[in-house]
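Only one structure is covered here, and it is reproduced in the block below.
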Protein chains: 2
Amino acid sequence: MVEHMLEAAQNKIKTFKTIQSEVQSINKVALSVDCVIFGFDENKLKVLLIRSDLKKYQDKWSLLGDLVSPDEGLDEAAYRILKQRTGLRDLFLEQVQTFGEVNRHPASRVVTVAYCSLINVQHHKLNILDNELHWHDVDSITDLAFDHQKIFETSYSQLQKRVREHPLGFSLLPNKFSLRELQNLYEAILNIKLDRRNFRKKFFAMDFLVDLNEIEKDVPHRPGKLYRFDYAKYERSTKKWTGIAF
Amino acid sequence: MVEHMLEAAQNKIKTFKTIQSEVQSINKVALSVDCVIFGFDENKLKVLLIRSDLKKYQDKWSLLGDLVSPDEGLDEAAYRILKQRTGLRDLFLEQVQTFGEVNRHPASRVVTVAYCSLINVQHHKLNILDNELHWHDVDSITDLAFDHQKIFETSYSQLQKRVREHPLGFSLLPNKFSLRELQNLYEAILNIKLDRRNFRKKFFAMDFLVDLNEIEKDVPHRPGKLYRFDYAKYERSTKKWTGIAF
DNA sequence: CAGCTATTGTGTATAAATTACACTATAAAC
DNA sequence: GTTTATAGTGTAATTTATACACAATAGCTG
């Protein structure tokens, strides 16, 4: 009787050994997604951070991230994380870069895929206050947990580059916006001052802004006209910059 | 005696169960790196491919890739793969994007990080002939193994974009090159025709080309002057394009 | 309701960059 | 020395970017 149990136990051990060696031999690593979520409020570009859940980084802020489960795609994981942690959905999400330094995570090898997201702060009254989420000015970001400082800086640089080449910025604004709001947005993202007349000329020349024949409300001065961005017209347009310059 | 063995075996099972559940709970996945290696030869842009080692894809070509081991970084893995498979080292390597569709690999979940590499075909007399490596014209690439077609297309598009904004192209040329070679390179990468005089004007205006006071050899016509690209001067230059256009 | 304040809305002149385009010069091949 | 293929060069026209100033308007204040 005992011999039978021993034999059964030994068989089980054999099975475990096989499984274990398979698992180990496949060289698996943990994979996570970290989201750099940008917003625009009070003429400042903001990024959404959460208090780190690791003791080592207990006083630091970190990006919103989570492990990718074996049966979900990367984009899928990014959307899940955003929805779980903020309640947001249907927002602009784009992969930035993957960070895979061996010791970037103190607990174990974790490779992370960074995603950049843009949200309209007005639209999304997120459930921020209950948990540890906070908006931070991008120019006050220092000393994030893990290698998140580097991830943030990479994402921010990439945003600055992409916003000049693609109409991303409108994701950060209300559907109806004035040209001043648009210019403030560009000035905040690119951290530069722009000439107002030339800025207007440029955007009107692009011809993707639709005059809504409405004006701003509740501004303590002469109100400006409101516009929306015509994505359909943009998609139809073919003229791309093809120059060479570096 | 047998009881002792049984007890020992049961303890071992307990240990295995703990390890297994840890391993599973950490949600690990296999991670690979795939390299898209571009070269320029006979006025054509080429990409280096290898015969697929999977039966399922036995008649197809695939990118050069391998699993990332748990103790190596991503860039490190990319360099290792290139060196192991081609003997190449010290070449331009840049991360492109990460592909993580759940079923992109037929055997198991494998997330892959794509890298783009540019080599000077003259310099690198690779040990191609012995193994299954071959250079393919980029415009003849169809139906690669796995999702490598998509990875290739993404990398090629990104190369077209980056080569217009950064002096990458010179990595594909000999150190000494004529302006015709340079123009042929740009025409091949971007798949367009350029006006010769305006092309020269543009590059001379950039002022990063150093006249070597040498001329081409072995051309069946009037030989052109040879130049090199002044990387140091380029690095020192600060003028970047800051316009907005889309 | 008069005057103040802040911002909107507009045009032009200049400079810079891009594009289109044609002929002479030169080395190699024969 | 003739042919062939490419090197090397300049200018005018167009487009795009930049610099810059003033009148109009709505809200606010007293």
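Ordering of the structure tokens sets the chain letters (A, B, ...), residue numbers begin anew at 1 in every chain, and ligands are numbered from 1 in the order given.
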
Margin query: If the cut-off is 7 Å, can you tell me the residues of chain A near chain C, counting only C-alpha atoms (C1' of nucleotides)? I'd like them as an MDAnalysis selection string.
Written below: chainID A and resid 221:222 224

Using only C-alpha atoms, please write the residues we just selected to a file, as a PDB file, in the first residue's frame.
ATOM      1  CA  HIS A 221     -12.851  89.055 -22.882  1.00  0.00           C
ATOM      2  CA  ARG A 222     -13.890  89.004 -26.477  1.00  0.00           C
ATOM      3  CA  GLY A 224     -13.248  83.519 -30.168  1.00  0.00           C
TER       4      GLY A 224
END

Item checked: Backbone DSSP call of alpha helix (DSSP H) for region 25-234 of chain B, listed as an MDAnalysis selection string -> chainID B and resid 25 74:86 148:165 179:190 196:206 231:234

Note to self: Distance cut-off 12 Å, counting only C-alpha atoms (C1' of nucleotides) - which residues of chain A neighbour chain D? Return them as a list in words.
What the structure shows: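 Close enough to count are Leu194, Asp195, Arg196, Arg197, Asn198, Phe199, Lys201, Lys202, Ala205, Ile215, Glu216, Lys217, Asp218, Val219, Pro220, His221, Arg222, Pro223 and Gly224 of chain A.
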
Prev. selection, N, CA and C atoms, output as an mmCIF file, in the first residue's frame:
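As written to disk, result05.cif reads:
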data_model
loop_
_atom_site.group_PDB
_atom_site.id
_atom_site.type_symbol
_atom_site.label_atom_id
_atom_site.label_comp_id
_atom_site.auth_asym_id
_atom_site.auth_seq_id
_atom_site.Cartn_x
_atom_site.Cartn_y
_atom_site.Cartn_z
ATOM 1 N N LEU A 194 4.728 80.601 -30.121
ATOM 2 C CA LEU A 194 4.460 80.669 -31.556
ATOM 3 C C LEU A 194 3.803 82.003 -31.888
ATOM 4 N N ASP A 195 4.063 82.490 -33.078
ATOM 5 C CA ASP A 195 3.423 83.719 -33.534
ATOM 6 C C ASP A 195 1.961 83.430 -33.863
ATOM 7 N N ARG A 196 1.093 84.242 -33.248
ATOM 8 C CA ARG A 196 -0.328 83.958 -33.348
ATOM 9 C C ARG A 196 -0.843 84.021 -34.785
ATOM 10 N N ARG A 197 -0.444 85.052 -35.521
ATOM 11 C CA ARG A 197 -0.960 85.189 -36.886
ATOM 12 C C ARG A 197 -0.461 84.078 -37.793
ATOM 13 N N ASN A 198 0.808 83.747 -37.648
ATOM 14 C CA ASN A 198 1.356 82.692 -38.496
ATOM 15 C C ASN A 198 0.777 81.323 -38.133
ATOM 16 N N PHE A 199 0.524 81.135 -36.839
ATOM 17 C CA PHE A 199 -0.105 79.888 -36.407
ATOM 18 C C PHE A 199 -1.478 79.724 -37.055
ATOM 19 N N LYS A 201 -2.614 81.264 -39.748
ATOM 20 C CA LYS A 201 -2.455 81.114 -41.185
ATOM 21 C C LYS A 201 -2.160 79.663 -41.532
ATOM 22 N N LYS A 202 -1.253 79.063 -40.776
ATOM 23 C CA LYS A 202 -0.843 77.686 -41.050
ATOM 24 C C LYS A 202 -2.019 76.720 -40.945
ATOM 25 N N ALA A 205 -4.572 77.251 -43.615
ATOM 26 C CA ALA A 205 -4.072 76.770 -44.907
ATOM 27 C C ALA A 205 -4.192 75.248 -45.016
ATOM 28 N N ILE A 215 -19.348 80.688 -30.801
ATOM 29 C CA ILE A 215 -18.258 81.385 -30.115
ATOM 30 C C ILE A 215 -18.105 80.850 -28.693
ATOM 31 N N GLU A 216 -16.950 81.083 -28.146
ATOM 32 C CA GLU A 216 -16.662 80.681 -26.776
ATOM 33 C C GLU A 216 -17.668 81.304 -25.801
ATOM 34 N N LYS A 217 -17.872 80.617 -24.688
ATOM 35 C CA LYS A 217 -18.678 81.168 -23.594
ATOM 36 C C LYS A 217 -17.780 81.344 -22.365
ATOM 37 N N ASP A 218 -18.215 82.240 -21.516
ATOM 38 C CA ASP A 218 -17.586 82.375 -20.199
ATOM 39 C C ASP A 218 -16.106 82.721 -20.249
ATOM 40 N N VAL A 219 -15.718 83.487 -21.251
ATOM 41 C CA VAL A 219 -14.355 84.014 -21.209
ATOM 42 C C VAL A 219 -14.447 85.501 -20.862
ATOM 43 N N PRO A 220 -13.551 86.009 -20.059
ATOM 44 C CA PRO A 220 -13.624 87.393 -19.572
ATOM 45 C C PRO A 220 -13.063 88.375 -20.585
ATOM 46 N N HIS A 221 -13.366 88.168 -21.831
ATOM 47 C CA HIS A 221 -12.851 89.055 -22.882
ATOM 48 C C HIS A 221 -13.584 88.695 -24.149
ATOM 49 N N ARG A 222 -13.235 89.326 -25.202
ATOM 50 C CA ARG A 222 -13.890 89.004 -26.477
ATOM 51 C C ARG A 222 -13.764 87.513 -26.786
ATOM 52 N N PRO A 223 -14.871 86.800 -27.009
ATOM 53 C CA PRO A 223 -14.816 85.359 -27.253
ATOM 54 C C PRO A 223 -14.383 85.051 -28.683
ATOM 55 N N GLY A 224 -13.691 83.933 -28.839
ATOM 56 C CA GLY A 224 -13.248 83.519 -30.168
ATOM 57 C C GLY A 224 -14.202 82.529 -30.805
#

Next item on the list: Select all residues from chain B having any atom no more than 6 Å from an atom of chain A (counting only C-alpha atoms, ignoring ligands), output as a list in words.
Entry: Leu6, Asn27, Lys28, Val29, Ala30, Ser69, Glu72, Gly73, Leu74, Gly100, Glu101, Val102, Arg164, Glu165, His166, Ile244, Ala245 and Phe246 of chain B

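Between CA of Arg51 (chain A) and CA of Gly65 (chain A) the interatomic distance comes to 11.5 Å.
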
Notebook entry, point to check: So what do you get for CA of Ala232 (chain B) versus CA of Ile37 (chain B), distance-wise?
Noted result: 25.1 Å

Checklist line | In region 94-185 of chain A, DSSP strand (DSSP E) residues written as an MDAnalysis selection string | finding: chainID A and resid 94:99 110:118 133:137

Margin query: Using only C-alpha atoms for the distances, tell me which of A:Phe38, A:Phe146, A:Phe92, A:Tyr231 is nearest to Leu209 (chain A).
Written below: A:Tyr231
